[in-house]
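Here is the structure we will look at.
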Amino acid sequence: MGMLPVLVMPTVFWQSKANVSGAQPVLNAYQSRLSNVIVENVVGTVGSLLPDDLEGSRHQRFIMRMESGHTLLVVHNIDLAPRVNGLKVGDRITVKGEYEWNERGGLIHWTHRDPHSAHEDGWIEQASVRYQ
């Protein structure tokens, strides 16, 4: 008889539920070079506004500075969620999304609902308005 193929379990690309809240999990993920970490209630201020990324799905982009001084790129899909209107440098924001490591401090994306219900929903809150 021939050999049966070995089945390999797929890699988990994201956590099924957010279980990390606040700034410390982001700092831990950055120091440990982790990606695909769902984080929520990450609070900071807008440090700078960047031009929208218009390649593929459109994304609103800005740099967020946490109280620790750590900065993150926030990449918000404006094809799936409303733009955060009137966003300006110095605005206080709270984010839930998926953290991805990079050398510059990392980024948070998936700050919107998943239209396929396969990924945990995210959001951005600014001035008591939730964008998702």
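As shown in the structure tokens, the chain order sets the letters A, B, ...; within each chain, residues go from 1, and ligands are also counted from 1 in the order they appear.
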
Which residues are close to Gly44 in chain A, i.e. within 12 Å by only C-alpha atoms, leaving aside same-chain residues fewer than 5 positions away? Reply as a PyMOL selection string. chain A and resi 22-23+26+62-74+89-96+124-126

Give one line per residue of range 18-39 of chain A that approaches range 110-115 of chain A to at most 12 Å, naming the two atoms of the closest pair and their distance in Å to one decimal, counting only C-alpha atoms; sort by chain then ascending residue number and deliver it as a Markdown table.
```
| residue | atom | partner | partner_atom | distance |
| --- | --- | --- | --- | --- |
| A:Asn36 | CA | A:Trp110 | CA | 10.3 |
| A:Val37 | CA | A:Trp110 | CA | 10.9 |
| A:Ile38 | CA | A:Trp110 | CA | 9.0 |
| A:Val39 | CA | A:Thr111 | CA | 10.2 |
```

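Contact shell of range 75-85 of chain A at 6 Å (only C-alpha atoms; same-chain neighbours under 4 positions omitted): A:Arg58, A:His59, A:Gln60, A:Arg61, A:His109, A:Thr111, A:His112, A:Gln132.
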